[in-house]
Amino acid sequence: MKHQIRKLWTLAGLCLILVLPAQGEGKPFILKFATLAPEGSAWMKTFHKVNSELDSRTGGALKMRAYPGGVMGDDQAVLRKMRIGQLHMAGITGLGLGFLCNDIQVLGAPFLFQNYDEVDYVLSRVTDRFEQIIKEKGYILVNWSEFGFIYMMSTKPINTLEDLQGAKVWMPEGDPIAQGVFEKAGVSAIPLQISDVLMALKTGLVDVIYSPPVGAIILQWHTKVKYLTRVPLSYSLGGVVMTKEALTQISKDHRKILREIFLDNVTSLNAQTRKNNEEALQVMERSGITFTDVTPQELARLQGIAQEATVELAGKAFPKEGLEEIYKYLREVTGQQ
């Protein structure tokens with residue numbers, strides 16, 4: 001009798017195992033995503049669209065949770081939190097990408113690119129190699145995220161090197177190229193995190209900043225400047241990255257869906273960003289910001305200083321081979337020898 005009861009309990013237990021779901025089954029995997037972009041920006045609107053499509057195409061099995069506006073800290077802090085599993089994904093700046101692959105920092109060198117045709121050509125040639133380097137660091141480059149060409153904005157007109165040398169110029173904290181170029185130009189720059197720039201403008205700690213036009217409007221920097229120097233200084237690129245560890249927690253089918261959704265949406269966002277930057281320039285001019293010009297002679301002078309500084313940084317801030325590779329592709333696209 002006891003043997004029969006024990007057998008019945010065993011059968012009942014087996015039935016429960018078969019009927020009840022395994023622990024965690026049915027629960028969605030939440031990808032925790034951090035970005036400096038504030039809520040309401042085009043980047044966060046794209047995030048919400050990505051999240052909605054991801055939820056729909058995976059049947060609710062894969063979702064994302066955003067931490068916008070820099071609440072998780074700057075790029076270094078975010079990458080650190082990704083390493084310990086506190087975050088899975090992030091939208092980071094080119095400076096942040098440089099911590100994973102310092103060759104990428106070359107792309108932000110002053111006056112390196114003259115137009116988007118050059119940008120697109122060079123990126124098409126270097127992306128595979130950059131992706132591999134980032135992968136070796138334990139991260140996956142999901143997609144590039146473009147911010148566009150950067151312009152200098154100020155509380156007083158900046159048209160010459162001497163104007164810049166006499167001003168209080170902001171520099172992104174931890175940016176080796178900016179530091180090297182400013183030192184070469186004899187400019188004493190003030191290093192600050194992006195989140196501190198608006199207050200620095202308000203208090204007069206800095207009177208010269210630089211940013212893509214859209215970024216300046218989103219961060220409200222344009223409300224504290226009076227002039228914009230009508231010369232694109234450099235190109236600004238970021239990217240969406242995730243940890244390899246997070247990727248292993250997602251099924252192969254869902255990985256493919258995730259990549260497809262990001263590729264479609266971020267590629268569209270990048271195209272829209274170029275248009276938005278042009279519109280932002282018009283908005284800033286209509287708002288009363290005065291656009292000033294640099295003479296061809298002064299521009300050539302500034303370009304020469306920037307190029308000398310960039311070459312001197314090769315082998316220090318980034319591999320010399322990386323700079324030579326990008327120069328090679330630029331010669332190909334421009335037809336220069």
# chains A, B, ... in the order shown; residues from 1 in each chain; ligands from 1
>>> residues_around(residues="Arg80 of chain A", least_positions_apart="2", cutoff="12 Å", atoms="only C-alpha atoms", output="list in words")
Ala34, Met72, Gly73, Asp74, Asp75, Gln76, Ala77, Val78, Met82, Arg83, Ile84, Gly85, Gln86, Leu87, His88, Met89, Ala90, Gly96, Phe99, Leu100, Gly138, Tyr139 and Thr243 of chain A
>>> write_last_selection(atoms="C-alpha atoms", output="PDB file, in the first residue's frame")
ATOM      1  CA  ALA A  34      21.522  54.030 -21.289  1.00  0.00           C
ATOM      2  CA  MET A  72      23.600  56.551 -15.653  1.00  0.00           C
ATOM      3  CA  GLY A  73      26.580  58.886 -16.019  1.00  0.00           C
ATOM      4  CA  ASP A  74      28.960  59.733 -18.835  1.00  0.00           C
ATOM      5  CA  ASP A  75      30.306  57.258 -21.386  1.00  0.00           C
ATOM      6  CA  GLN A  76      33.009  55.914 -19.078  1.00  0.00           C
ATOM      7  CA  ALA A  77      30.527  55.331 -16.261  1.00  0.00           C
ATOM      8  CA  VAL A  78      28.083  53.621 -18.617  1.00  0.00           C
ATOM      9  CA  MET A  82      27.952  47.443 -18.750  1.00  0.00           C
ATOM     10  CA  ARG A  83      31.067  45.492 -17.772  1.00  0.00           C
ATOM     11  CA  ILE A  84      29.529  44.482 -14.441  1.00  0.00           C
ATOM     12  CA  GLY A  85      26.134  43.643 -15.988  1.00  0.00           C
ATOM     13  CA  GLN A  86      24.214  46.588 -14.540  1.00  0.00           C
ATOM     14  CA  LEU A  87      23.486  47.720 -18.097  1.00  0.00           C
ATOM     15  CA  HIS A  88      23.280  45.727 -21.332  1.00  0.00           C
ATOM     16  CA  MET A  89      23.294  48.360 -24.073  1.00  0.00           C
ATOM     17  CA  ALA A  90      24.113  52.018 -24.562  1.00  0.00           C
ATOM     18  CA  GLY A  96      33.080  56.655 -25.578  1.00  0.00           C
ATOM     19  CA  PHE A  99      37.655  53.875 -25.064  1.00  0.00           C
ATOM     20  CA  LEU A 100      36.833  50.604 -26.842  1.00  0.00           C
ATOM     21  CA  GLY A 138      33.739  42.254 -24.999  1.00  0.00           C
ATOM     22  CA  TYR A 139      31.252  44.518 -26.780  1.00  0.00           C
ATOM     23  CA  THR A 243      27.951  43.502 -24.233  1.00  0.00           C
TER      24      THR A 243
END
>>> select_by_dssp(residues="segment 25-240 of chain A", states="strand (DSSP E)", output="PyMOL selection string")
chain A and resi 29-35+62-67+89-92+139-154+169-172+189-192+208-211+227-240
>>> closest_atom_pairs(of="segment 110-143 of chain A", to="segment 304-314 of chain A", cutoff="12 Å", atoms="only C-alpha atoms", output="JSON lines")
{"residue": "A:Pro110", "atom": "CA", "partner": "A:Ala306", "partner_atom": "CA", "distance": 6.0}
{"residue": "A:Phe111", "atom": "CA", "partner": "A:Ala306", "partner_atom": "CA", "distance": 7.3}
{"residue": "A:Leu112", "atom": "CA", "partner": "A:Gln307", "partner_atom": "CA", "distance": 8.1}
{"residue": "A:Phe113", "atom": "CA", "partner": "A:Gln307", "partner_atom": "CA", "distance": 11.7}
>>> residues_around(residues="Gly288 of chain A", least_positions_apart="2", cutoff="10 Å", atoms="only C-alpha atoms", output="number ranges by chain")
A: 223, 225-227, 283-286, 290-291
>>> write_last_selection(atoms="C-alpha atoms", output="PDB file, in the first residue's frame")
ATOM      1  CA  THR A 223      20.117  79.783 -25.564  1.00  0.00           C
ATOM      2  CA  VAL A 225      25.429  81.816 -27.079  1.00  0.00           C
ATOM      3  CA  LYS A 226      25.272  84.770 -29.483  1.00  0.00           C
ATOM      4  CA  TYR A 227      27.542  83.703 -32.343  1.00  0.00           C
ATOM      5  CA  VAL A 283      16.376  77.850 -36.375  1.00  0.00           C
ATOM      6  CA  MET A 284      19.432  79.231 -34.601  1.00  0.00           C
ATOM      7  CA  GLU A 285      19.872  82.013 -37.159  1.00  0.00           C
ATOM      8  CA  ARG A 286      16.192  82.951 -36.877  1.00  0.00           C
ATOM      9  CA  THR A 290      24.798  85.833 -35.545  1.00  0.00           C
ATOM     10  CA  PHE A 291      26.674  83.682 -38.068  1.00  0.00           C
TER      11      PHE A 291
END
>>> residues_around(residues="Asp175 of chain A", least_positions_apart="2", cutoff="10 Å", atoms="only C-alpha atoms", output="PDB file with C-alpha atoms, in the first residue's frame")
ATOM      1  CA  GLY A  94      32.639  58.918 -30.373  1.00  0.00           C
ATOM      2  CA  LEU A  95      34.698  59.652 -27.263  1.00  0.00           C
ATOM      3  CA  GLY A  96      33.080  56.655 -25.578  1.00  0.00           C
ATOM      4  CA  GLY A  98      37.317  55.597 -28.440  1.00  0.00           C
ATOM      5  CA  GLN A 105      38.948  58.865 -32.302  1.00  0.00           C
ATOM      6  CA  MET A 171      36.797  70.858 -24.103  1.00  0.00           C
ATOM      7  CA  PRO A 172      35.140  67.452 -23.529  1.00  0.00           C
ATOM      8  CA  GLU A 173      36.746  65.822 -20.533  1.00  0.00           C
ATOM      9  CA  ILE A 177      42.517  64.889 -29.784  1.00  0.00           C
ATOM     10  CA  ALA A 178      40.854  68.082 -28.563  1.00  0.00           C
ATOM     11  CA  GLN A 179      43.535  68.483 -25.915  1.00  0.00           C
ATOM     12  CA  GLY A 180      46.354  67.932 -28.420  1.00  0.00           C
ATOM     13  CA  PRO A 191      37.715  70.247 -19.630  1.00  0.00           C
ATOM     14  CA  ALA A 317      46.335  58.913 -28.642  1.00  0.00           C
TER      15      ALA A 317
END
>>> residues_around(residues="Ser52 of chain A", least_positions_apart="4", cutoff="12 Å", atoms="only C-alpha atoms", output="PDB file with N, CA and C atoms, in the first residue's frame")
ATOM      1  N   LYS A  45      13.021  59.097 -29.371  1.00  0.00           N
ATOM      2  CA  LYS A  45      11.843  58.706 -30.156  1.00  0.00           C
ATOM      3  C   LYS A  45      12.140  57.448 -30.955  1.00  0.00           C
ATOM      4  N   THR A  46      13.358  57.378 -31.480  1.00  0.00           N
ATOM      5  CA  THR A  46      13.770  56.174 -32.203  1.00  0.00           C
ATOM      6  C   THR A  46      13.848  54.986 -31.259  1.00  0.00           C
ATOM      7  N   PHE A  47      14.358  55.213 -30.040  1.00  0.00           N
ATOM      8  CA  PHE A  47      14.424  54.132 -29.058  1.00  0.00           C
ATOM      9  C   PHE A  47      13.034  53.547 -28.799  1.00  0.00           C
ATOM     10  N   HIS A  48      12.042  54.413 -28.589  1.00  0.00           N
ATOM     11  CA  HIS A  48      10.689  53.924 -28.294  1.00  0.00           C
ATOM     12  C   HIS A  48      10.124  53.135 -29.478  1.00  0.00           C
ATOM     13  N   SER A  56       6.877  43.597 -30.328  1.00  0.00           N
ATOM     14  CA  SER A  56       5.916  42.991 -31.246  1.00  0.00           C
ATOM     15  C   SER A  56       6.491  41.772 -31.960  1.00  0.00           C
ATOM     16  N   ARG A  57       7.714  41.911 -32.494  1.00  0.00           N
ATOM     17  CA  ARG A  57       8.289  40.839 -33.313  1.00  0.00           C
ATOM     18  C   ARG A  57       8.786  39.643 -32.499  1.00  0.00           C
ATOM     19  N   THR A  58       9.032  39.846 -31.202  1.00  0.00           N
ATOM     20  CA  THR A  58       9.462  38.716 -30.361  1.00  0.00           C
ATOM     21  C   THR A  58       8.332  38.197 -29.478  1.00  0.00           C
ATOM     22  N   GLY A  59       7.121  38.696 -29.709  1.00  0.00           N
ATOM     23  CA  GLY A  59       5.985  38.248 -28.904  1.00  0.00           C
ATOM     24  C   GLY A  59       6.122  38.600 -27.441  1.00  0.00           C
ATOM     25  N   GLY A  60       6.789  39.714 -27.163  1.00  0.00           N
ATOM     26  CA  GLY A  60       6.953  40.167 -25.784  1.00  0.00           C
ATOM     27  C   GLY A  60       8.112  39.509 -25.053  1.00  0.00           C
ATOM     28  N   ALA A  61       8.882  38.675 -25.744  1.00  0.00           N
ATOM     29  CA  ALA A  61       9.974  37.953 -25.084  1.00  0.00           C
ATOM     30  C   ALA A  61      11.210  38.824 -24.874  1.00  0.00           C
ATOM     31  N   LEU A  62      11.338  39.883 -25.694  1.00  0.00           N
ATOM     32  CA  LEU A  62      12.515  40.751 -25.601  1.00  0.00           C
ATOM     33  C   LEU A  62      12.054  42.201 -25.598  1.00  0.00           C
ATOM     34  N   LYS A  63      12.428  42.917 -24.546  1.00  0.00           N
ATOM     35  CA  LYS A  63      12.038  44.316 -24.419  1.00  0.00           C
ATOM     36  C   LYS A  63      13.244  45.143 -23.982  1.00  0.00           C
ATOM     37  N   MET A  64      13.074  46.462 -23.991  1.00  0.00           N
ATOM     38  CA  MET A  64      14.144  47.353 -23.569  1.00  0.00           C
ATOM     39  C   MET A  64      13.633  48.348 -22.535  1.00  0.00           C
ATOM     40  N   ARG A  65      14.539  48.742 -21.660  1.00  0.00           N
ATOM     41  CA  ARG A  65      14.224  49.781 -20.679  1.00  0.00           C
ATOM     42  C   ARG A  65      15.281  50.861 -20.802  1.00  0.00           C
ATOM     43  N   LEU A 258      16.752  41.749 -33.354  1.00  0.00           N
ATOM     44  CA  LEU A 258      17.296  42.934 -32.697  1.00  0.00           C
ATOM     45  C   LEU A 258      18.188  43.727 -33.649  1.00  0.00           C
ATOM     46  N   ILE A 261      16.125  45.399 -36.518  1.00  0.00           N
ATOM     47  CA  ILE A 261      15.341  46.553 -36.073  1.00  0.00           C
ATOM     48  C   ILE A 261      16.237  47.765 -35.854  1.00  0.00           C
ATOM     49  N   PHE A 262      17.375  47.554 -35.205  1.00  0.00           N
ATOM     50  CA  PHE A 262      18.300  48.666 -34.982  1.00  0.00           C
ATOM     51  C   PHE A 262      18.860  49.183 -36.298  1.00  0.00           C
ATOM     52  N   ASN A 265      16.080  51.269 -38.095  1.00  0.00           N
ATOM     53  CA  ASN A 265      15.673  52.498 -37.422  1.00  0.00           C
ATOM     54  C   ASN A 265      16.815  53.492 -37.240  1.00  0.00           C
TER      55      ASN A 265
END
>>> residues_around(residues="Pro68 of chain A", least_positions_apart="4", cutoff="8 Å", atoms="only C-alpha atoms", output="list in words")
Ala34, Thr35, Leu36, Ala37, Pro38, Glu39, Met44 and Met72 of chain A
>>> closest_residue(among="A:Cys101, A:Glu136, A:Ala66, A:Lys224", to="Phe318 of chain A", atoms="only C-alpha atoms")
A:Cys101
>>> atom_distance(atom1="atom CA of Met199 of chain A", atom2="atom CA of Ala216 of chain A")
13.5 Å
>>> closest_residue(among="A:Val142, A:Val208, A:Val333, A:Val181", to="Val241 of chain A", atoms="only C-alpha atoms")
A:Val142
>>> residues_around(residues="Asp264 of chain A", least_positions_apart="4", cutoff="12 Å", atoms="only C-alpha atoms", output="PyMOL selection string")
chain A and resi 46-47+49-50+53+142-145+257-260+268-271
>>> atom_distance(atom1="atom CA of Lys32 of chain A", atom2="atom CA of Leu198 of chain A")
27.4 Å
>>> decode(residues="segment 234-260 of chain A", atoms="N, CA and C atoms", output="mmCIF file, in the first residue's frame")
data_model
loop_
_atom_site.group_PDB
_atom_site.id
_atom_site.type_symbol
_atom_site.label_atom_id
_atom_site.label_comp_id
_atom_site.auth_asym_id
_atom_site.auth_seq_id
_atom_site.Cartn_x
_atom_site.Cartn_y
_atom_site.Cartn_z
ATOM 1 N N SER A 234 34.546 69.637 -37.263
ATOM 2 C CA SER A 234 34.844 68.207 -37.300
ATOM 3 C C SER A 234 33.546 67.428 -37.425
ATOM 4 N N TYR A 235 33.692 66.134 -37.567
ATOM 5 C CA TYR A 235 32.546 65.244 -37.709
ATOM 6 C C TYR A 235 32.357 64.483 -36.404
ATOM 7 N N SER A 236 31.119 64.318 -35.988
ATOM 8 C CA SER A 236 30.816 63.661 -34.716
ATOM 9 C C SER A 236 30.012 62.386 -34.938
ATOM 10 N N LEU A 237 30.547 61.296 -34.425
ATOM 11 C CA LEU A 237 29.933 59.990 -34.614
ATOM 12 C C LEU A 237 29.837 59.271 -33.275
ATOM 13 N N GLY A 238 28.715 58.601 -33.055
ATOM 14 C CA GLY A 238 28.559 57.756 -31.879
ATOM 15 C C GLY A 238 28.164 56.364 -32.321
ATOM 16 N N GLY A 239 27.673 55.582 -31.386
ATOM 17 C CA GLY A 239 27.258 54.236 -31.748
ATOM 18 C C GLY A 239 26.428 53.580 -30.664
ATOM 19 N N VAL A 240 25.691 52.577 -31.071
ATOM 20 C CA VAL A 240 24.944 51.736 -30.130
ATOM 21 C C VAL A 240 25.771 50.480 -29.900
ATOM 22 N N VAL A 241 26.105 50.211 -28.651
ATOM 23 C CA VAL A 241 26.897 49.029 -28.321
ATOM 24 C C VAL A 241 26.175 48.201 -27.262
ATOM 25 N N MET A 242 26.464 46.911 -27.253
ATOM 26 C CA MET A 242 25.958 46.040 -26.200
ATOM 27 C C MET A 242 27.056 45.058 -25.826
ATOM 28 N N THR A 243 26.926 44.445 -24.671
ATOM 29 C CA THR A 243 27.951 43.502 -24.233
ATOM 30 C C THR A 243 27.729 42.144 -24.889
ATOM 31 N N LYS A 244 28.823 41.431 -25.118
ATOM 32 C CA LYS A 244 28.734 40.073 -25.655
ATOM 33 C C LYS A 244 27.978 39.181 -24.676
ATOM 34 N N GLU A 245 28.149 39.455 -23.386
ATOM 35 C CA GLU A 245 27.470 38.660 -22.356
ATOM 36 C C GLU A 245 25.953 38.792 -22.492
ATOM 37 N N ALA A 246 25.473 40.019 -22.736
ATOM 38 C CA ALA A 246 24.030 40.221 -22.899
ATOM 39 C C ALA A 246 23.534 39.502 -24.141
ATOM 40 N N LEU A 247 24.345 39.509 -25.186
ATOM 41 C CA LEU A 247 23.942 38.864 -26.436
ATOM 42 C C LEU A 247 23.756 37.365 -26.250
ATOM 43 N N THR A 248 24.587 36.745 -25.401
ATOM 44 C CA THR A 248 24.477 35.297 -25.191
ATOM 45 C C THR A 248 23.183 34.919 -24.478
ATOM 46 N N GLN A 249 22.532 35.880 -23.845
ATOM 47 C CA GLN A 249 21.284 35.611 -23.134
ATOM 48 C C GLN A 249 20.060 35.730 -24.043
ATOM 49 N N ILE A 250 20.309 36.015 -25.313
ATOM 50 C CA ILE A 250 19.234 36.172 -26.280
ATOM 51 C C ILE A 250 19.331 35.055 -27.314
ATOM 52 N N SER A 251 18.200 34.499 -27.687
ATOM 53 C CA SER A 251 18.212 33.425 -28.687
ATOM 54 C C SER A 251 18.720 33.946 -30.032
ATOM 55 N N LYS A 252 19.189 33.030 -30.874
ATOM 56 C CA LYS A 252 19.726 33.428 -32.178
ATOM 57 C C LYS A 252 18.682 34.145 -33.027
ATOM 58 N N ASP A 253 17.441 33.649 -32.972
ATOM 59 C CA ASP A 253 16.373 34.293 -33.743
ATOM 60 C C ASP A 253 16.147 35.730 -33.279
ATOM 61 N N HIS A 254 16.154 35.918 -31.967
ATOM 62 C CA HIS A 254 15.908 37.248 -31.427
ATOM 63 C C HIS A 254 17.102 38.177 -31.640
ATOM 64 N N ARG A 255 18.307 37.604 -31.675
ATOM 65 C CA ARG A 255 19.486 38.425 -32.000
ATOM 66 C C ARG A 255 19.339 39.015 -33.396
ATOM 67 N N LYS A 256 18.903 38.177 -34.324
ATOM 68 C CA LYS A 256 18.729 38.624 -35.702
ATOM 69 C C LYS A 256 17.675 39.723 -35.777
ATOM 70 N N ILE A 257 16.580 39.533 -35.060
ATOM 71 C CA ILE A 257 15.506 40.532 -35.047
ATOM 72 C C ILE A 257 16.015 41.846 -34.460
ATOM 73 N N LEU A 258 16.752 41.749 -33.354
ATOM 74 C CA LEU A 258 17.296 42.934 -32.697
ATOM 75 C C LEU A 258 18.188 43.727 -33.649
ATOM 76 N N ARG A 259 19.077 43.023 -34.335
ATOM 77 C CA ARG A 259 19.998 43.689 -35.257
ATOM 78 C C ARG A 259 19.248 44.337 -36.422
ATOM 79 N N GLU A 260 18.259 43.619 -36.964
ATOM 80 C CA GLU A 260 17.481 44.153 -38.081
ATOM 81 C C GLU A 260 16.739 45.429 -37.687
#
